Amino acid sequence: MNSSLVSVPELRRERAMEGGYDAIVIGGGHNGLAAGAYLARDGLRTVVLEARDGVGGAARTDAPWPEAPEFKVTTYSYVVSLMPRRIIDELRLERHGYKVYPMGPSYYAFPDGRSLVMTGEDDRRDFESIARFSLKDARAYPQWRRWLGEMAAILEPLLLTTPPKLGSWRPGDLVEQLKLAWRMRGLDVPRVGELTRLMTMSAWDLLDDWFESPQVKGAMAVDGIIGTWAGPAAPGTAYVLMHHEIGDAGLGLGSWGYPRGGMGAVSAALRSSAEEFGARVRTNAPVARILQRDGRVQGVVLANGEELLAGVVVTTTHPRIAFLEQLVREELPDEFVRSIERWNSRSGVVKINLVLSELPDFAADPGPGEHLGGAIELAHSIDYIEEAFQDARRGVPARRPFSDGVIPTVFDRTLCPEGHHIMSLFTQWVPHEWSKEPHREELEAYADRVIDGYAELAPNLKGAILHRQVLGPYDMEQDIGLIGGNIFHGELSAEQLFHMRPAPGYADYRTPIRGLYQASSATHAGGGVCAIPAYNCVREIRRDRRRERMKERLTLRNRG
């Protein structure tokens with residue numbers, strides 16, 4: 001083979017075929033692909049192993065109806081945000097096809113014929129819309145947006161920060177704790193108090209401080225309960241609300257958007273980036289075991305018995321899969337295992353994908369308009385949302401479900417033929433125990449109620465549905481490894497955030513096995529298609545490699 005005629009990535013692939021790898025990434029979801037891209041970019045011979053026949057995990061675009069392959073849906077995740085501009089630029093995602101259409105305003109229609117349109121940008125329009133429900137709330141809304149922006153500006157840099165080992169007295173850990181304190185040095189006592197309240201209180205209590213209208217509070221509460229096993233009255237949902245406010249997607253803080261080609265296009269761009277940097281991406285390659293010896297990772301064994309060796313392994317699967325299935329309990333500290341066993345990963349999410357022959361025509365705002373280009377919510381009040389959760393908590397599917405709906409084809413015409421549209425409904429709640437059984441008939445009845453709820457507001461919707469797909473927690477667990485159907489790999493509750501995510505002492509992307517790292521959505525900053533866990537994890541791998549090289553040089557120097 002004439003190396004002068006071969007690119008650097010091709011040479012890396014050849015070396016990987018001949019002598020193993022420097023790094024193995026388990027899981028070909030967006031975090032796995034991003035980790036693979038960064039590791040290969042750093043010059044490591046890297047392979048990404050995906051158990052299924054395609055990459056993307058929850059971020060994929062499918063054609064679920066064999067009789068109608070021209071219709072494509074973003075099966076599970078459906079909008080992009082939280083991904084920092086630096087990741088998009090460093091991995092050159094735009095040259096690999098990453099393109100995002102900014103979402104339109106949030107839209108709420110109500111059975112009494114009123115509607116609420118919230119742009120978050122046009123103060124006059126937002127004032128007029130909110131004033132239909134409360135003049136007091138209309139006046140408070142600009143101050144609320146400013147406060148959210150101030151809080152987001154404080155919290156956003158923390159997403160790119162490795163949580164220190166709080167409580168450790170080791171010198172190195174104390175230094176990291178002091179670094180965090182120094183980064184927060186600009187916060188005064190009142191601001192620290194606000195952050196503390198934000199991290200611990202319910203979305204309902206937070207919103208009560210600002211607004212009076214139940215419809216307006218319901219509109220604001222939506223971001224606090226997306227993907228959670230908690231209603232807006234549950235402590236901790238105020239932080240979930242803020243987590244969804246720290247969006248970026250390359251469009252600026254607080255932005256959300258539709259990727260051209262669906263969420264699968266984000267994964268495709270990440271895969272293309274990883275391969276351009278020299279990583280190998282293997283599908284149909286499920287990992288059965290993570291190999292370790294004397295507390296040091298050795299590589300992995302695939303389900304077919306094939307062994308792959310590497311000194312660095314990054315797992316991006318759910319922690320229960322990585323640490324309770326792919327490793328033996330006796331290989332890990334008891335305290336760590338107990339933390340993973342206690343890890344809460346409940347959900348009551350049902351995803352409904354629809355093919356429409358025409359756009360829904362809302363009685364409150366007839367005809368097409370920009371209100372169809374953003375989030376179209378089924379959330380009549382904050383009480384409505386809480387009642388939906390309480391139904392599921394009692395063990396029955398919500399009688400009146402909440403839904404966060406979008407129609408990406410208002411902008412992205414690559415998903416279906418002209419004259420048709422795709423409507424994606426992210427709905428809640430069914431009992432979290434439904435992750436153990438399919439509950440097909442009950443799911444279909446639940447989906448009927450969701451569609452009935454929208455049809456009450458847009459009477460033409462039912463007649464416009466050509467195809468539908470209904471996916472519950474069981475599908476999410478069995479199809480893409482989301483244990484419990486939880487889209488964050490673990491609840492974003494106060495006891496599962498920052499230095500607790502996913503276990504005390506192991507929130508720094510390391511694990512009890514040296515050389516084995518974690519970068520799933522169950523690590524800090526996880527939740528949403530953001531690739532931040534991968535970014536942070538690879539940064540820690542670099543630090544460890546630098547330390548190892550320094551130790552080697554010191555050893556050689558002492559010997560000399």
# chains A, B, ... in the order shown; residues from 1 in each chain; ligands from 1

$ residues_around --residues "region 133-143 of chain A" --least-positions-apart "5" --cutoff "10 Å" --atoms "only C-alpha atoms" --output "CSV table (one decimal) with N, CA, C and O atoms, in the first residue's frame"
chain,number,residue,atom,x,y,z
A,114,ARG,N,-60.2,31.5,22.4
A,114,ARG,CA,-59.0,32.4,22.5
A,114,ARG,C,-57.7,31.7,22.2
A,114,ARG,O,-57.7,30.4,22.1
A,115,SER,N,-56.7,32.4,21.9
A,115,SER,CA,-55.4,31.8,21.7
A,115,SER,C,-54.3,32.7,22.2
A,115,SER,O,-54.5,33.9,22.5
A,116,LEU,N,-53.1,32.1,22.4
A,116,LEU,CA,-52.0,32.8,23.0
A,116,LEU,C,-50.8,32.5,22.1
A,116,LEU,O,-50.4,31.3,21.9
A,120,GLY,N,-41.4,35.5,22.3
A,120,GLY,CA,-40.2,35.7,23.1
A,120,GLY,C,-39.2,36.7,22.6
A,120,GLY,O,-38.1,36.9,23.1
A,121,GLU,N,-39.6,37.4,21.5
A,121,GLU,CA,-38.8,38.4,20.8
A,121,GLU,C,-39.5,39.7,20.5
A,121,GLU,O,-38.9,40.8,20.7
A,122,ASP,N,-40.7,39.6,20.1
A,122,ASP,CA,-41.5,40.8,19.8
A,122,ASP,C,-42.3,41.2,21.0
A,122,ASP,O,-43.4,40.7,21.3
A,123,ASP,N,-41.8,42.2,21.7
A,123,ASP,CA,-42.4,42.6,23.0
A,123,ASP,C,-43.9,43.1,22.8
A,123,ASP,O,-44.8,42.8,23.6
A,124,ARG,N,-44.1,43.9,21.7
A,124,ARG,CA,-45.5,44.4,21.5
A,124,ARG,C,-46.5,43.3,21.3
A,124,ARG,O,-47.5,43.2,21.9
A,126,ASP,N,-46.2,40.1,22.0
A,126,ASP,CA,-46.4,39.3,23.2
A,126,ASP,C,-47.3,40.0,24.2
A,126,ASP,O,-48.1,39.3,24.8
A,127,PHE,N,-47.1,41.3,24.4
A,127,PHE,CA,-47.9,42.0,25.3
A,127,PHE,C,-49.4,41.9,24.9
A,127,PHE,O,-50.2,41.6,25.8
A,128,GLU,N,-49.7,42.1,23.7
A,128,GLU,CA,-51.1,42.1,23.2
A,128,GLU,C,-51.7,40.7,23.4
A,128,GLU,O,-52.8,40.6,23.8
A,148,LEU,N,-35.0,35.3,33.0
A,148,LEU,CA,-34.6,34.0,32.4
A,148,LEU,C,-33.2,34.1,31.7
A,148,LEU,O,-32.4,33.2,31.8
A,149,GLY,N,-33.1,35.2,30.9
A,149,GLY,CA,-31.8,35.4,30.2
A,149,GLY,C,-30.7,35.5,31.2
A,149,GLY,O,-29.6,35.0,30.9
A,210,TRP,N,-44.6,35.2,39.5
A,210,TRP,CA,-44.6,36.1,38.4
A,210,TRP,C,-45.9,36.3,37.7
A,210,TRP,O,-46.2,37.5,37.3
A,211,PHE,N,-46.8,35.3,37.7
A,211,PHE,CA,-48.0,35.4,36.9
A,211,PHE,C,-49.2,35.0,37.6
A,211,PHE,O,-49.1,34.3,38.7
A,212,GLU,N,-50.4,35.4,37.1
A,212,GLU,CA,-51.7,35.0,37.8
A,212,GLU,C,-52.6,34.2,36.9
A,212,GLU,O,-53.4,33.4,37.4
A,213,SER,N,-52.5,34.3,35.6
A,213,SER,CA,-53.4,33.6,34.7
A,213,SER,C,-53.1,32.1,34.6
A,213,SER,O,-51.9,31.8,34.3
A,214,PRO,N,-54.0,31.2,34.8
A,214,PRO,CA,-53.7,29.8,34.7
A,214,PRO,C,-53.3,29.4,33.3
A,214,PRO,O,-52.5,28.5,33.1
A,215,GLN,N,-53.8,30.1,32.3
A,215,GLN,CA,-53.4,29.8,30.9
A,215,GLN,C,-52.0,30.2,30.7
A,215,GLN,O,-51.2,29.5,30.1
A,216,VAL,N,-51.6,31.4,31.1
A,216,VAL,CA,-50.3,31.9,30.9
A,216,VAL,C,-49.3,31.0,31.7
A,216,VAL,O,-48.2,30.6,31.2
A,217,LYS,N,-49.6,30.7,32.9
A,217,LYS,CA,-48.8,29.8,33.7
A,217,LYS,C,-48.6,28.4,33.1
A,217,LYS,O,-47.6,27.8,33.1

$ residues_around --residues "Ile226 (chain A)" --least-positions-apart "5" --cutoff "9 Å" --atoms "only C-alpha atoms" --output "MDAnalysis selection string"
chainID A and resid 240:241 244 349 404 426:428

$ write_last_selection --atoms "all heavy atoms" --output "mmCIF file, in the first residue's frame"
data_model
loop_
_atom_site.group_PDB
_atom_site.id
_atom_site.type_symbol
_atom_site.label_atom_id
_atom_site.label_comp_id
_atom_site.auth_asym_id
_atom_site.auth_seq_id
_atom_site.Cartn_x
_atom_site.Cartn_y
_atom_site.Cartn_z
ATOM 1 N N VAL A 240 -35.749 22.200 35.377
ATOM 2 C CA VAL A 240 -36.006 21.616 34.061
ATOM 3 C C VAL A 240 -36.467 22.700 33.093
ATOM 4 O O VAL A 240 -36.060 22.736 31.933
ATOM 5 C CB VAL A 240 -37.050 20.482 34.152
ATOM 6 C CG1 VAL A 240 -37.297 19.868 32.775
ATOM 7 C CG2 VAL A 240 -36.587 19.408 35.123
ATOM 8 N N LEU A 241 -37.299 23.610 33.597
ATOM 9 C CA LEU A 241 -37.733 24.740 32.788
ATOM 10 C C LEU A 241 -36.524 25.540 32.306
ATOM 11 O O LEU A 241 -36.413 25.882 31.123
ATOM 12 C CB LEU A 241 -38.686 25.612 33.613
ATOM 13 C CG LEU A 241 -39.404 26.780 32.933
ATOM 14 C CD1 LEU A 241 -40.689 27.113 33.684
ATOM 15 C CD2 LEU A 241 -38.534 28.034 32.864
ATOM 16 N N HIS A 244 -34.295 23.892 29.578
ATOM 17 C CA HIS A 244 -34.780 24.039 28.205
ATOM 18 C C HIS A 244 -34.667 25.470 27.691
ATOM 19 O O HIS A 244 -34.910 25.722 26.511
ATOM 20 C CB HIS A 244 -36.230 23.557 28.107
ATOM 21 C CG HIS A 244 -36.370 22.069 28.160
ATOM 22 N ND1 HIS A 244 -36.754 21.396 29.307
ATOM 23 C CD2 HIS A 244 -36.143 21.110 27.236
ATOM 24 C CE1 HIS A 244 -36.776 20.090 29.062
ATOM 25 N NE2 HIS A 244 -36.398 19.893 27.826
ATOM 26 N N VAL A 349 -43.853 9.103 28.649
ATOM 27 C CA VAL A 349 -43.914 9.764 27.342
ATOM 28 C C VAL A 349 -44.514 8.843 26.285
ATOM 29 O O VAL A 349 -44.208 7.653 26.234
ATOM 30 C CB VAL A 349 -42.503 10.214 26.904
ATOM 31 C CG1 VAL A 349 -42.478 10.608 25.433
ATOM 32 C CG2 VAL A 349 -42.026 11.366 27.777
ATOM 33 N N ASP A 404 -46.869 18.417 23.237
ATOM 34 C CA ASP A 404 -46.008 19.427 22.624
ATOM 35 C C ASP A 404 -45.894 19.034 21.147
ATOM 36 O O ASP A 404 -45.199 18.079 20.808
ATOM 37 C CB ASP A 404 -44.633 19.407 23.308
ATOM 38 C CG ASP A 404 -43.665 20.429 22.733
ATOM 39 O OD1 ASP A 404 -44.064 21.584 22.540
ATOM 40 O OD2 ASP A 404 -42.497 20.061 22.481
ATOM 41 N N PHE A 426 -45.230 15.132 20.930
ATOM 42 C CA PHE A 426 -44.532 14.599 22.102
ATOM 43 C C PHE A 426 -45.493 14.751 23.268
ATOM 44 O O PHE A 426 -45.750 15.860 23.738
ATOM 45 C CB PHE A 426 -43.244 15.391 22.338
ATOM 46 C CG PHE A 426 -42.398 14.866 23.468
ATOM 47 C CD1 PHE A 426 -41.408 13.929 23.227
ATOM 48 C CD2 PHE A 426 -42.585 15.317 24.771
ATOM 49 C CE1 PHE A 426 -40.613 13.452 24.263
ATOM 50 C CE2 PHE A 426 -41.799 14.850 25.812
ATOM 51 C CZ PHE A 426 -40.814 13.905 25.550
ATOM 52 N N THR A 427 -46.054 13.629 23.739
ATOM 53 C CA THR A 427 -47.177 13.703 24.665
ATOM 54 C C THR A 427 -46.859 13.048 26.006
ATOM 55 O O THR A 427 -45.988 12.186 26.120
ATOM 56 C CB THR A 427 -48.425 13.033 24.057
ATOM 57 O OG1 THR A 427 -48.327 11.612 24.215
ATOM 58 C CG2 THR A 427 -48.552 13.357 22.578
ATOM 59 N N GLN A 428 -47.612 13.435 27.035
ATOM 60 C CA GLN A 428 -47.460 12.918 28.394
ATOM 61 C C GLN A 428 -48.830 12.934 29.085
ATOM 62 O O GLN A 428 -49.618 13.862 28.820
ATOM 63 C CB GLN A 428 -46.460 13.776 29.185
ATOM 64 C CG GLN A 428 -45.050 13.740 28.598
ATOM 65 C CD GLN A 428 -44.082 14.701 29.295
ATOM 66 O OE1 GLN A 428 -42.940 14.763 28.964
ATOM 67 N NE2 GLN A 428 -44.523 15.465 30.269
#

$ select_by_dssp --residues "region 45-199 of chain A" --states "strand (DSSP E)" --output "JSON, numbers by chain"
{"A": [46, 47, 48, 49, 61, 62, 73, 74, 100, 101, 102, 106, 107, 108, 109, 115, 116, 117, 118]}

$ write_last_selection --atoms "C-alpha atoms" --output "PDB file, in the first residue's frame"
ATOM      1  CA  THR A  46     -11.170   5.210  17.169  1.00  0.00           C
ATOM      2  CA  VAL A  47     -14.126   2.931  16.500  1.00  0.00           C
ATOM      3  CA  VAL A  48     -17.767   3.694  17.329  1.00  0.00           C
ATOM      4  CA  LEU A  49     -19.892   0.586  17.965  1.00  0.00           C
ATOM      5  CA  THR A  61     -35.185  10.048  10.730  1.00  0.00           C
ATOM      6  CA  ASP A  62     -37.230   7.044   9.607  1.00  0.00           C
ATOM      7  CA  VAL A  73     -40.566  11.289  10.470  1.00  0.00           C
ATOM      8  CA  THR A  74     -38.173  12.220  13.223  1.00  0.00           C
ATOM      9  CA  VAL A 100     -31.339  24.254  11.239  1.00  0.00           C
ATOM     10  CA  TYR A 101     -34.526  26.237  10.594  1.00  0.00           C
ATOM     11  CA  PRO A 102     -35.442  28.444  13.581  1.00  0.00           C
ATOM     12  CA  SER A 106     -45.198  28.994  20.661  1.00  0.00           C
ATOM     13  CA  TYR A 107     -48.931  28.631  20.068  1.00  0.00           C
ATOM     14  CA  TYR A 108     -51.710  27.780  22.511  1.00  0.00           C
ATOM     15  CA  ALA A 109     -55.355  27.534  21.466  1.00  0.00           C
ATOM     16  CA  SER A 115     -55.363  31.785  21.651  1.00  0.00           C
ATOM     17  CA  LEU A 116     -51.969  32.765  22.982  1.00  0.00           C
ATOM     18  CA  VAL A 117     -48.990  33.372  20.694  1.00  0.00           C
ATOM     19  CA  MET A 118     -45.643  33.914  22.378  1.00  0.00           C
TER      20      MET A 118
END

$ closest_atom_pairs --of "region 53-149 of chain A" --to "region 467-478 of chain A" --cutoff "9 Å" --atoms "only C-alpha atoms" --output "tab-separated table"
residue	atom	partner	partner_atom	distance
A:Ala58	CA	A:Met476	CA	8.4
A:Pro64	CA	A:Gln469	CA	7.7
A:Trp65	CA	A:His467	CA	7.9
A:Ala68	CA	A:His467	CA	8.8
A:Thr75	CA	A:Leu471	CA	8.7
A:Tyr76	CA	A:Met476	CA	8.2

$ closest_atom_pairs --of "region 218-279 of chain A" --to "region 389-394 of chain A" --cutoff "8 Å" --atoms "only C-alpha atoms" --output "Markdown table"
| residue | atom | partner | partner_atom | distance |
| --- | --- | --- | --- | --- |
| A:Trp229 | CA | A:Phe389 | CA | 7.9 |
| A:Ala230 | CA | A:Phe389 | CA | 6.8 |
| A:Gly231 | CA | A:Phe389 | CA | 5.4 |

$ write_last_selection --atoms "C-alpha atoms" --output "short mmCIF file (atom, residue, chain, number, x, y, z; two decimals), in the first residue's frame"
data_model
loop_
_atom_site.label_atom_id
_atom_site.label_comp_id
_atom_site.auth_asym_id
_atom_site.auth_seq_id
_atom_site.Cartn_x
_atom_site.Cartn_y
_atom_site.Cartn_z
CA TRP A 229 -41.87 11.99 35.46
CA ALA A 230 -43.17 15.01 37.35
CA GLY A 231 -45.97 17.51 37.06
#

$ residues_around --residues "region 359-362 of chain A" --least-positions-apart "2" --cutoff "6 Å" --atoms "only C-alpha atoms" --output "list of chain:residue names"
A:Ala364, A:Asp365, A:Pro366, A:Gly367, A:Leu457, A:Ala458, A:Leu461

$ write_last_selection --atoms "C-alpha atoms" --output "short mmCIF file (atom, residue, chain, number, x, y, z; two decimals), in the first residue's frame"
data_model
loop_
_atom_site.label_atom_id
_atom_site.label_comp_id
_atom_site.auth_asym_id
_atom_site.auth_seq_id
_atom_site.Cartn_x
_atom_site.Cartn_y
_atom_site.Cartn_z
CA ALA A 364 -59.01 30.58 17.04
CA ASP A 365 -56.67 31.49 14.15
CA PRO A 366 -58.07 30.15 10.86
CA GLY A 367 -55.86 29.44 7.87
CA LEU A 457 -59.31 23.23 18.55
CA ALA A 458 -58.68 22.40 14.85
CA LEU A 461 -57.36 17.51 11.91
#

$ residues_around --residues "Leu160 (chain A)" --least-positions-apart "4" --cutoff "9 Å" --atoms "only C-alpha atoms" --output "NGL selection string"
:A and (156 or 524-525 or 532-533 or 535-536)

$ write_last_selection --atoms "N, CA and C atoms" --output "PDB file, in the first residue's frame"
ATOM      1  N   GLU A 156     -25.471  28.558  31.654  1.00  0.00           N
ATOM      2  CA  GLU A 156     -24.975  28.009  30.384  1.00  0.00           C
ATOM      3  C   GLU A 156     -23.497  27.624  30.446  1.00  0.00           C
ATOM      4  N   HIS A 524     -23.540  14.845  33.426  1.00  0.00           N
ATOM      5  CA  HIS A 524     -23.823  16.275  33.533  1.00  0.00           C
ATOM      6  C   HIS A 524     -23.973  16.923  32.161  1.00  0.00           C
ATOM      7  N   ALA A 525     -24.979  17.795  32.059  1.00  0.00           N
ATOM      8  CA  ALA A 525     -25.359  18.542  30.848  1.00  0.00           C
ATOM      9  C   ALA A 525     -26.168  17.701  29.893  1.00  0.00           C
ATOM     10  N   ILE A 532     -22.920  17.808  24.505  1.00  0.00           N
ATOM     11  CA  ILE A 532     -22.060  18.360  25.550  1.00  0.00           C
ATOM     12  C   ILE A 532     -21.423  17.270  26.405  1.00  0.00           C
ATOM     13  N   PRO A 533     -22.150  16.199  26.791  1.00  0.00           N
ATOM     14  CA  PRO A 533     -21.463  15.142  27.533  1.00  0.00           C
ATOM     15  C   PRO A 533     -20.253  14.590  26.786  1.00  0.00           C
ATOM     16  N   TYR A 535     -18.418  16.184  24.528  1.00  0.00           N
ATOM     17  CA  TYR A 535     -17.405  17.253  24.524  1.00  0.00           C
ATOM     18  C   TYR A 535     -16.660  17.279  25.858  1.00  0.00           C
ATOM     19  N   ASN A 536     -17.417  17.277  26.959  1.00  0.00           N
ATOM     20  CA  ASN A 536     -16.797  17.337  28.278  1.00  0.00           C
ATOM     21  C   ASN A 536     -15.981  16.078  28.573  1.00  0.00           C
TER      22      ASN A 536
END

$ residues_around --residues "region 27-41 of chain A" --least-positions-apart "5" --cutoff "6 Å" --atoms "only C-alpha atoms" --output "JSON, numbers by chain"
{"A": [46, 49, 50, 55, 56, 57, 267, 270, 271, 274, 277, 278, 279, 316, 317, 531, 534]}

$ write_last_selection --atoms "N, CA and C atoms" --output "PDB file, in the first residue's frame"
ATOM      1  N   THR A  46      -9.894   5.270  16.462  1.00  0.00           N
ATOM      2  CA  THR A  46     -11.170   5.210  17.169  1.00  0.00           C
ATOM      3  C   THR A  46     -12.191   4.410  16.382  1.00  0.00           C
ATOM      4  N   LEU A  49     -19.140   1.832  18.090  1.00  0.00           N
ATOM      5  CA  LEU A  49     -19.892   0.586  17.965  1.00  0.00           C
ATOM      6  C   LEU A  49     -21.371   0.835  18.246  1.00  0.00           C
ATOM      7  N   GLU A  50     -22.214   0.581  17.261  1.00  0.00           N
ATOM      8  CA  GLU A  50     -23.653   0.757  17.405  1.00  0.00           C
ATOM      9  C   GLU A  50     -24.343  -0.595  17.263  1.00  0.00           C
ATOM     10  N   VAL A  55     -27.171   4.457  12.838  1.00  0.00           N
ATOM     11  CA  VAL A  55     -26.758   5.310  13.949  1.00  0.00           C
ATOM     12  C   VAL A  55     -27.856   6.314  14.281  1.00  0.00           C
ATOM     13  N   GLY A  56     -27.653   7.013  15.387  1.00  0.00           N
ATOM     14  CA  GLY A  56     -28.556   8.103  15.746  1.00  0.00           C
ATOM     15  C   GLY A  56     -29.266   7.915  17.061  1.00  0.00           C
ATOM     16  N   GLY A  57     -29.566   6.643  17.429  1.00  0.00           N
ATOM     17  CA  GLY A  57     -30.313   6.434  18.660  1.00  0.00           C
ATOM     18  C   GLY A  57     -31.658   7.132  18.602  1.00  0.00           C
ATOM     19  N   SER A 267     -27.480  13.421  13.285  1.00  0.00           N
ATOM     20  CA  SER A 267     -26.646  12.236  13.492  1.00  0.00           C
ATOM     21  C   SER A 267     -25.799  11.933  12.257  1.00  0.00           C
ATOM     22  N   LEU A 270     -22.859  14.225  12.267  1.00  0.00           N
ATOM     23  CA  LEU A 270     -21.876  13.806  13.267  1.00  0.00           C
ATOM     24  C   LEU A 270     -21.103  12.569  12.796  1.00  0.00           C
ATOM     25  N   ARG A 271     -21.802  11.633  12.175  1.00  0.00           N
ATOM     26  CA  ARG A 271     -21.117  10.438  11.661  1.00  0.00           C
ATOM     27  C   ARG A 271     -20.129  10.819  10.562  1.00  0.00           C
ATOM     28  N   ALA A 274     -17.120  12.361  12.123  1.00  0.00           N
ATOM     29  CA  ALA A 274     -16.268  11.360  12.775  1.00  0.00           C
ATOM     30  C   ALA A 274     -15.451  10.591  11.741  1.00  0.00           C
ATOM     31  N   PHE A 277     -12.618  12.603  10.237  1.00  0.00           N
ATOM     32  CA  PHE A 277     -11.462  12.703  11.134  1.00  0.00           C
ATOM     33  C   PHE A 277     -10.733  11.367  11.290  1.00  0.00           C
ATOM     34  N   GLY A 278     -11.318  10.301  10.769  1.00  0.00           N
ATOM     35  CA  GLY A 278     -10.626   9.017  10.778  1.00  0.00           C
ATOM     36  C   GLY A 278     -11.252   7.941  11.622  1.00  0.00           C
ATOM     37  N   ALA A 279     -12.356   8.222  12.296  1.00  0.00           N
ATOM     38  CA  ALA A 279     -13.012   7.199  13.107  1.00  0.00           C
ATOM     39  C   ALA A 279     -13.704   6.176  12.213  1.00  0.00           C
ATOM     40  N   THR A 316     -21.687   5.394  26.022  1.00  0.00           N
ATOM     41  CA  THR A 316     -22.723   6.423  25.912  1.00  0.00           C
ATOM     42  C   THR A 316     -24.112   5.817  26.074  1.00  0.00           C
ATOM     43  N   THR A 317     -24.160   4.566  26.565  1.00  0.00           N
ATOM     44  CA  THR A 317     -25.447   3.931  26.800  1.00  0.00           C
ATOM     45  C   THR A 317     -25.970   4.310  28.186  1.00  0.00           C
ATOM     46  N   ALA A 531     -24.689  17.052  22.544  1.00  0.00           N
ATOM     47  CA  ALA A 531     -23.311  16.548  22.435  1.00  0.00           C
ATOM     48  C   ALA A 531     -22.383  17.104  23.509  1.00  0.00           C
ATOM     49  N   ALA A 534     -20.365  14.408  25.480  1.00  0.00           N
ATOM     50  CA  ALA A 534     -19.235  13.920  24.682  1.00  0.00           C
ATOM     51  C   ALA A 534     -18.093  14.927  24.702  1.00  0.00           C
TER      52      ALA A 534
END

$ atom_distance --atom1 "CA of Phe402 (chain A)" --atom2 "CA of Gly490 (chain A)"
20.7 Å

$ closest_residue --among "A:Arg260, A:Arg293, A:Lys179, A:Arg501" --to "Tyr98 (chain A)" --atoms "only C-alpha atoms"
A:Arg260

$ closest_residue --among "A:Val175, A:Ile376, A:Met263, A:Ala238" --to "Pro105 (chain A)" --atoms "only C-alpha atoms"
A:Ile376
